$ cat coords31.cif   # mmCIF, C-alpha atoms
data_entry
loop_
_atom_site.label_atom_id
_atom_site.label_comp_id
_atom_site.auth_asym_id
_atom_site.auth_seq_id
_atom_site.Cartn_x
_atom_site.Cartn_y
_atom_site.Cartn_z
CA GLU N 1 77.63 32.25 37.65
CA LEU N 2 77.25 31.15 41.23
CA ILE N 3 73.74 32.58 41.25
CA LYS N 4 72.81 30.57 38.12
CA TYR N 5 74.15 27.41 39.78
CA LYS N 6 72.14 28.05 42.98
CA MET N 7 68.97 28.80 40.97
CA LYS N 8 69.35 25.59 38.91
CA LYS N 9 69.91 23.63 42.11
CA THR N 10 66.86 25.23 43.76
CA ILE N 11 64.68 24.59 40.71
CA LEU N 12 65.86 20.98 40.53
CA LEU N 13 65.18 20.41 44.24
CA LEU N 14 61.78 22.07 43.92
CA ALA N 15 60.92 19.84 40.92
CA LEU N 16 61.99 16.72 42.83
CA PHE N 17 59.99 17.78 45.89
CA VAL N 18 56.87 18.44 43.84
CA GLY N 19 57.32 15.12 41.98
CA PHE N 20 57.70 13.05 45.16
CA GLY N 21 54.96 14.96 46.91
CA SER N 22 52.46 14.39 44.13
CA SER N 23 53.34 10.68 43.84
CA ALA N 24 52.88 10.26 47.61
CA PHE N 25 49.57 12.07 47.31
CA ALA N 26 48.49 9.78 44.45
CA GLN N 27 49.13 6.71 46.61
CA ASP N 28 46.75 7.99 49.30
CA LYS N 29 44.02 8.86 46.82
CA VAL N 30 40.90 6.66 47.02
CA GLU N 31 39.32 5.81 43.69
CA LEU N 32 35.79 4.54 43.23
CA SER N 33 35.63 1.64 40.83
CA THR N 34 33.33 1.97 37.86
CA GLU N 35 34.57 -1.36 36.51
CA ALA N 36 32.00 -3.41 34.62
CA SER N 37 31.12 -6.64 36.41
CA PRO N 38 28.52 -9.29 35.57
CA LYS N 39 26.78 -11.09 38.46
CA ILE N 40 24.76 -14.30 38.24
CA LYS N 41 21.77 -14.89 40.53
CA PHE N 42 19.79 -18.14 40.38
CA GLU N 43 16.14 -18.49 41.45
CA GLU N 44 17.12 -21.93 42.83
CA LYS N 45 20.43 -23.80 42.95
CA SER N 46 18.92 -27.17 43.85
CA HIS N 47 15.98 -29.26 42.62
CA ASP N 48 14.45 -32.46 44.00
CA PHE N 49 12.56 -34.52 41.41
CA GLY N 50 11.04 -36.67 44.14
CA THR N 51 10.23 -40.28 43.23
CA PHE N 52 9.69 -41.40 39.65
CA GLU N 53 9.87 -44.59 37.62
CA GLU N 54 12.94 -45.89 35.85
CA GLY N 55 13.19 -44.88 32.20
CA VAL N 56 11.83 -41.36 32.74
CA GLN N 57 13.87 -38.47 31.36
CA ALA N 58 13.57 -36.11 34.35
CA THR N 59 14.03 -32.49 33.24
CA TYR N 60 14.31 -29.26 35.20
CA THR N 61 15.02 -25.66 34.14
CA PHE N 62 17.26 -23.56 36.37
CA LYS N 63 16.60 -19.85 35.76
CA PHE N 64 19.14 -17.12 36.41
CA LYS N 65 19.45 -13.37 36.03
CA ASN N 66 22.44 -11.12 35.36
CA THR N 67 22.23 -8.62 38.23
CA GLY N 68 25.56 -6.98 37.30
CA ASN N 69 26.39 -4.13 34.94
CA ALA N 70 28.18 -6.03 32.13
CA PRO N 71 27.26 -8.97 29.85
CA LEU N 72 27.36 -12.37 31.57
CA ILE N 73 28.85 -15.31 29.65
CA LEU N 74 28.50 -18.95 30.68
CA ASN N 75 31.89 -20.48 29.81
CA GLY N 76 30.89 -24.03 30.64
CA VAL N 77 28.15 -26.17 32.19
CA LYS N 78 29.48 -29.60 33.22
CA PRO N 79 27.51 -32.39 34.91
CA SER N 80 29.13 -34.74 37.42
CA CYS N 81 28.10 -37.79 35.34
CA GLY N 82 27.19 -38.81 31.81
CA ARG N 83 23.53 -39.48 32.70
CA THR N 84 22.92 -35.77 33.20
CA THR N 85 22.67 -33.60 30.08
CA PRO N 86 22.66 -29.79 30.30
CA LYS N 87 21.55 -27.24 27.69
CA TRP N 88 22.12 -23.56 28.44
CA THR N 89 21.90 -20.02 27.18
CA LYS N 90 24.97 -19.67 24.95
CA ALA N 91 24.65 -15.98 24.02
CA PRO N 92 25.92 -13.29 26.43
CA VAL N 93 23.21 -12.33 28.93
CA ALA N 94 22.81 -8.56 29.12
CA PRO N 95 22.57 -6.78 32.49
CA GLY N 96 19.05 -7.28 33.84
CA ALA N 97 18.30 -10.09 31.38
CA GLU N 98 17.60 -13.74 32.19
CA GLY N 99 18.93 -17.07 30.98
CA THR N 100 18.33 -20.76 31.61
CA ILE N 101 20.12 -24.04 32.17
CA VAL N 102 17.94 -27.04 31.31
CA VAL N 103 19.13 -30.26 32.95
CA THR N 104 17.88 -33.75 31.99
CA TYR N 105 18.62 -36.88 34.02
CA ASN N 106 18.37 -40.23 32.20
CA SER N 107 17.07 -42.77 34.74
CA LYS N 108 17.20 -45.82 32.45
CA GLY N 109 18.88 -48.67 34.32
CA ARG N 110 19.48 -46.54 37.46
CA ILE N 111 17.20 -47.57 40.30
CA GLY N 112 17.65 -45.89 43.69
CA ASN N 113 18.57 -42.47 45.06
CA PHE N 114 20.73 -40.07 43.10
CA THR N 115 22.34 -36.68 43.67
CA LYS N 116 24.14 -35.00 40.78
CA THR N 117 26.09 -31.75 40.60
CA ILE N 118 26.29 -29.38 37.64
CA THR N 119 29.29 -27.03 37.67
CA VAL N 120 28.60 -23.68 35.98
CA THR N 121 31.62 -21.52 35.12
CA HIS N 122 31.05 -17.91 34.08
CA ASN N 123 32.80 -14.56 33.68
CA GLY N 124 30.99 -12.98 36.62
CA GLU N 125 31.72 -12.41 40.27
CA GLY N 126 32.91 -15.65 41.88
CA GLY N 127 33.34 -17.43 38.54
CA THR N 128 31.71 -20.76 39.54
CA VAL N 129 28.28 -21.88 40.74
CA TYR N 130 27.23 -25.42 41.68
CA LEU N 131 23.71 -26.64 40.93
CA THR N 132 22.27 -29.87 42.33
CA ILE N 133 19.55 -32.29 41.22
CA ARG N 134 18.35 -35.25 43.27
CA GLY N 135 15.60 -37.83 43.34
CA THR N 136 14.67 -41.47 43.74
CA VAL N 137 14.16 -43.82 40.81
CA THR N 138 11.82 -46.80 41.36
CA LYS N 139 11.53 -49.97 39.34
CA THR N 140 9.02 -49.80 36.50
CA ASN N 141 5.91 -51.80 37.22
CA PRO N 142 5.53 -54.25 34.35
CA THR N 143 2.16 -54.37 32.66
CA PRO N 144 0.52 -57.67 33.60
CA THR N 145 -0.12 -59.93 30.64
CA PRO N 146 -3.63 -61.31 30.49
CA THR N 147 -3.94 -65.05 31.00
CA THR N 148 -6.58 -67.13 29.27
#
$ encode --input "coords31.cif" --output "structure tokens"
Amino acid sequence: ELIKYKMKKTILLLALFVGFGSSAFAQDKVELSTEASPKIKFEEKSHDFGTFEEGVQATYTFKFKNTGNAPLILNGVKPSCGRTTPKWTKAPVAPGAEGTIVVTYNSKGRIGNFTKTITVTHNGEGGTVYLTIRGTVTKTNPTPTPTT
């Protein structure tokens, strides 16, 4: 009976040793990530409209590409003011595919320089991108009325 007790004890100790040894080994193991991750890459993140007359609806299209390995989703596109209106690709953008964000600035009643930011939130690496539009709005030259 003493032999059975010693064998059980040895087996138990051996099992504990193997268990701790393998868990310590697992902690040192390096794993390569094959996790899917979308990545957004813009052709340009800033656009200067230059100088234009008041009343013009200045529009620019920002183009981007999903350079990651999972579908890219734009969660939100928010301008810094109500005079800037964005329209964007709403469907998920597949890896390697392209999408757009079309931004329109309403210059009516806004003479002078402007700089506006568009905050783009997405499910990709980094999660947020900031786009910028700028320009100078000049007063509309009234059409002279003929005098007789």
$ residues_near_point --input "coords31.cif" --point "(28.1, -38.8, 31.7)" --cutoff "12 Å" --atoms "only C-alpha atoms" --output "VMD selection string"
chain N and resid 78 to 86 104 to 106 116 to 118
$ write_last_selection --input "coords31.cif" --atoms "C-alpha atoms" --output "short mmCIF file (atom, residue, chain, number, x, y, z; two decimals), keeping the file's coordinate frame"
data_model
loop_
_atom_site.label_atom_id
_atom_site.label_comp_id
_atom_site.auth_asym_id
_atom_site.auth_seq_id
_atom_site.Cartn_x
_atom_site.Cartn_y
_atom_site.Cartn_z
CA LYS N 78 29.48 -29.60 33.22
CA PRO N 79 27.51 -32.39 34.91
CA SER N 80 29.13 -34.74 37.42
CA CYS N 81 28.10 -37.79 35.34
CA GLY N 82 27.19 -38.81 31.81
CA ARG N 83 23.53 -39.48 32.70
CA THR N 84 22.92 -35.77 33.20
CA THR N 85 22.67 -33.60 30.08
CA PRO N 86 22.66 -29.79 30.30
CA THR N 104 17.88 -33.75 31.99
CA TYR N 105 18.62 -36.88 34.02
CA ASN N 106 18.37 -40.23 32.20
CA LYS N 116 24.14 -35.00 40.78
CA THR N 117 26.09 -31.75 40.60
CA ILE N 118 26.29 -29.38 37.64
#
$ closest_residue --input "coords31.cif" --among "N:Gly124, N:Gly76, N:Gly55, N:Gly112" --to "Ala94 in chain N" --atoms "only C-alpha atoms"
N:Gly124
$ atom_distance --input "coords31.cif" --atom1 "CA of Glu98 in chain N" --atom2 "CA of Pro38 in chain N"
12.3 Å
$ closest_residue --input "coords31.cif" --among "N:Val102, N:Val137, N:Leu74, N:Val120" --to "Glu53 in chain N" --atoms "all atoms listed in the file"
N:Val137
$ atom_distance --input "coords31.cif" --atom1 "CA of Thr119 in chain N" --atom2 "CA of Phe49 in chain N"
18.7 Å
$ closest_residue --input "coords31.cif" --among "N:Tyr130, N:Phe42, N:Phe52, N:Tyr60" --to "Lys108 in chain N" --atoms "all atoms listed in the file"
N:Phe52
$ atom_distance --input "coords31.cif" --atom1 "CA of Gly135 in chain N" --atom2 "CA of Thr100 in chain N"
20.9 Å
$ residues_around --input "coords31.cif" --residues "Ala70 in chain N" --least-positions-apart "5" --cutoff "6 Å" --atoms "all atoms listed in the file" --output "MDAnalysis selection string"
chainID N and resid 36:38 95
$ build_atoms --input "coords31.cif" --residues "range 45-56 of chain N" --atoms "all heavy atoms" --output "PDB file, in the frame of the given file"
ATOM      1  N   LYS N  45      19.186 -23.115  43.306  1.00  0.00           N
ATOM      2  CA  LYS N  45      20.430 -23.800  42.950  1.00  0.00           C
ATOM      3  C   LYS N  45      20.302 -25.308  43.162  1.00  0.00           C
ATOM      4  O   LYS N  45      21.250 -26.040  42.928  1.00  0.00           O
ATOM      5  CB  LYS N  45      21.595 -23.268  43.785  1.00  0.00           C
ATOM      6  CG  LYS N  45      21.964 -21.839  43.448  1.00  0.00           C
ATOM      7  CD  LYS N  45      23.155 -21.399  44.256  1.00  0.00           C
ATOM      8  CE  LYS N  45      23.467 -19.945  43.993  1.00  0.00           C
ATOM      9  NZ  LYS N  45      24.569 -19.483  44.844  1.00  0.00           N
ATOM     10  N   SER N  46      19.122 -25.751  43.591  1.00  0.00           N
ATOM     11  CA  SER N  46      18.920 -27.170  43.850  1.00  0.00           C
ATOM     12  C   SER N  46      17.483 -27.552  43.482  1.00  0.00           C
ATOM     13  O   SER N  46      16.569 -26.752  43.662  1.00  0.00           O
ATOM     14  CB  SER N  46      19.169 -27.438  45.338  1.00  0.00           C
ATOM     15  OG  SER N  46      18.971 -28.796  45.629  1.00  0.00           O
ATOM     16  N   HIS N  47      17.328 -28.781  42.961  1.00  0.00           N
ATOM     17  CA  HIS N  47      15.980 -29.260  42.620  1.00  0.00           C
ATOM     18  C   HIS N  47      15.865 -30.735  42.991  1.00  0.00           C
ATOM     19  O   HIS N  47      16.745 -31.541  42.676  1.00  0.00           O
ATOM     20  CB  HIS N  47      15.680 -29.078  41.141  1.00  0.00           C
ATOM     21  CG  HIS N  47      14.319 -29.592  40.781  1.00  0.00           C
ATOM     22  ND1 HIS N  47      13.156 -28.964  41.158  1.00  0.00           N
ATOM     23  CD2 HIS N  47      13.939 -30.708  40.108  1.00  0.00           C
ATOM     24  CE1 HIS N  47      12.118 -29.656  40.725  1.00  0.00           C
ATOM     25  NE2 HIS N  47      12.571 -30.721  40.092  1.00  0.00           N
ATOM     26  N   ASP N  48      14.753 -31.073  43.641  1.00  0.00           N
ATOM     27  CA  ASP N  48      14.450 -32.460  44.000  1.00  0.00           C
ATOM     28  C   ASP N  48      13.309 -32.943  43.114  1.00  0.00           C
ATOM     29  O   ASP N  48      12.204 -32.405  43.168  1.00  0.00           O
ATOM     30  CB  ASP N  48      14.062 -32.539  45.479  1.00  0.00           C
ATOM     31  CG  ASP N  48      13.949 -33.969  45.973  1.00  0.00           C
ATOM     32  OD1 ASP N  48      13.785 -34.900  45.149  1.00  0.00           O
ATOM     33  OD2 ASP N  48      14.017 -34.163  47.195  1.00  0.00           O
ATOM     34  N   PHE N  49      13.588 -33.962  42.293  1.00  0.00           N
ATOM     35  CA  PHE N  49      12.560 -34.520  41.410  1.00  0.00           C
ATOM     36  C   PHE N  49      11.560 -35.378  42.183  1.00  0.00           C
ATOM     37  O   PHE N  49      10.513 -35.729  41.650  1.00  0.00           O
ATOM     38  CB  PHE N  49      13.202 -35.386  40.319  1.00  0.00           C
ATOM     39  CG  PHE N  49      13.924 -34.605  39.259  1.00  0.00           C
ATOM     40  CD1 PHE N  49      15.306 -34.616  39.194  1.00  0.00           C
ATOM     41  CD2 PHE N  49      13.230 -33.865  38.319  1.00  0.00           C
ATOM     42  CE1 PHE N  49      15.980 -33.907  38.214  1.00  0.00           C
ATOM     43  CE2 PHE N  49      13.887 -33.153  37.331  1.00  0.00           C
ATOM     44  CZ  PHE N  49      15.271 -33.172  37.277  1.00  0.00           C
ATOM     45  N   GLY N  50      11.902 -35.769  43.392  1.00  0.00           N
ATOM     46  CA  GLY N  50      11.040 -36.670  44.140  1.00  0.00           C
ATOM     47  C   GLY N  50      11.237 -38.093  43.631  1.00  0.00           C
ATOM     48  O   GLY N  50      12.309 -38.459  43.177  1.00  0.00           O
ATOM     49  N   THR N  51      10.169 -38.878  43.665  1.00  0.00           N
ATOM     50  CA  THR N  51      10.230 -40.280  43.230  1.00  0.00           C
ATOM     51  C   THR N  51       9.568 -40.426  41.872  1.00  0.00           C
ATOM     52  O   THR N  51       8.485 -39.895  41.640  1.00  0.00           O
ATOM     53  CB  THR N  51       9.519 -41.178  44.264  1.00  0.00           C
ATOM     54  OG1 THR N  51      10.147 -40.977  45.535  1.00  0.00           O
ATOM     55  CG2 THR N  51       9.591 -42.641  43.884  1.00  0.00           C
ATOM     56  N   PHE N  52      10.258 -41.136  40.977  1.00  0.00           N
ATOM     57  CA  PHE N  52       9.690 -41.400  39.650  1.00  0.00           C
ATOM     58  C   PHE N  52      10.216 -42.730  39.141  1.00  0.00           C
ATOM     59  O   PHE N  52      11.201 -43.261  39.658  1.00  0.00           O
ATOM     60  CB  PHE N  52       9.993 -40.251  38.666  1.00  0.00           C
ATOM     61  CG  PHE N  52      11.463 -39.954  38.474  1.00  0.00           C
ATOM     62  CD1 PHE N  52      12.159 -40.509  37.415  1.00  0.00           C
ATOM     63  CD2 PHE N  52      12.140 -39.113  39.346  1.00  0.00           C
ATOM     64  CE1 PHE N  52      13.505 -40.238  37.228  1.00  0.00           C
ATOM     65  CE2 PHE N  52      13.478 -38.830  39.169  1.00  0.00           C
ATOM     66  CZ  PHE N  52      14.168 -39.399  38.107  1.00  0.00           C
ATOM     67  N   GLU N  53       9.537 -43.270  38.132  1.00  0.00           N
ATOM     68  CA  GLU N  53       9.870 -44.590  37.620  1.00  0.00           C
ATOM     69  C   GLU N  53      11.072 -44.586  36.695  1.00  0.00           C
ATOM     70  O   GLU N  53      11.320 -43.619  35.964  1.00  0.00           O
ATOM     71  CB  GLU N  53       8.672 -45.191  36.865  1.00  0.00           C
ATOM     72  CG  GLU N  53       7.545 -45.632  37.772  1.00  0.00           C
ATOM     73  CD  GLU N  53       6.462 -46.401  37.022  1.00  0.00           C
ATOM     74  OE1 GLU N  53       6.494 -46.480  35.791  1.00  0.00           O
ATOM     75  OE2 GLU N  53       5.571 -46.930  37.713  1.00  0.00           O
ATOM     76  N   GLU N  54      11.791 -45.695  36.713  1.00  0.00           N
ATOM     77  CA  GLU N  54      12.940 -45.890  35.850  1.00  0.00           C
ATOM     78  C   GLU N  54      12.538 -45.700  34.378  1.00  0.00           C
ATOM     79  O   GLU N  54      11.435 -46.061  33.979  1.00  0.00           O
ATOM     80  CB  GLU N  54      13.483 -47.320  36.039  1.00  0.00           C
ATOM     81  CG  GLU N  54      14.618 -47.631  35.107  1.00  0.00           C
ATOM     82  CD  GLU N  54      14.841 -49.129  34.935  1.00  0.00           C
ATOM     83  OE1 GLU N  54      14.077 -49.932  35.495  1.00  0.00           O
ATOM     84  OE2 GLU N  54      15.766 -49.475  34.201  1.00  0.00           O
ATOM     85  N   GLY N  55      13.434 -45.119  33.619  1.00  0.00           N
ATOM     86  CA  GLY N  55      13.190 -44.880  32.200  1.00  0.00           C
ATOM     87  C   GLY N  55      12.730 -43.465  31.905  1.00  0.00           C
ATOM     88  O   GLY N  55      12.778 -43.019  30.765  1.00  0.00           O
ATOM     89  N   VAL N  56      12.292 -42.748  32.918  1.00  0.00           N
ATOM     90  CA  VAL N  56      11.830 -41.360  32.740  1.00  0.00           C
ATOM     91  C   VAL N  56      13.034 -40.453  32.499  1.00  0.00           C
ATOM     92  O   VAL N  56      14.083 -40.610  33.120  1.00  0.00           O
ATOM     93  CB  VAL N  56      11.036 -40.893  33.981  1.00  0.00           C
ATOM     94  CG1 VAL N  56      10.765 -39.403  33.936  1.00  0.00           C
ATOM     95  CG2 VAL N  56       9.745 -41.676  34.110  1.00  0.00           C
TER      96      VAL N  56
END
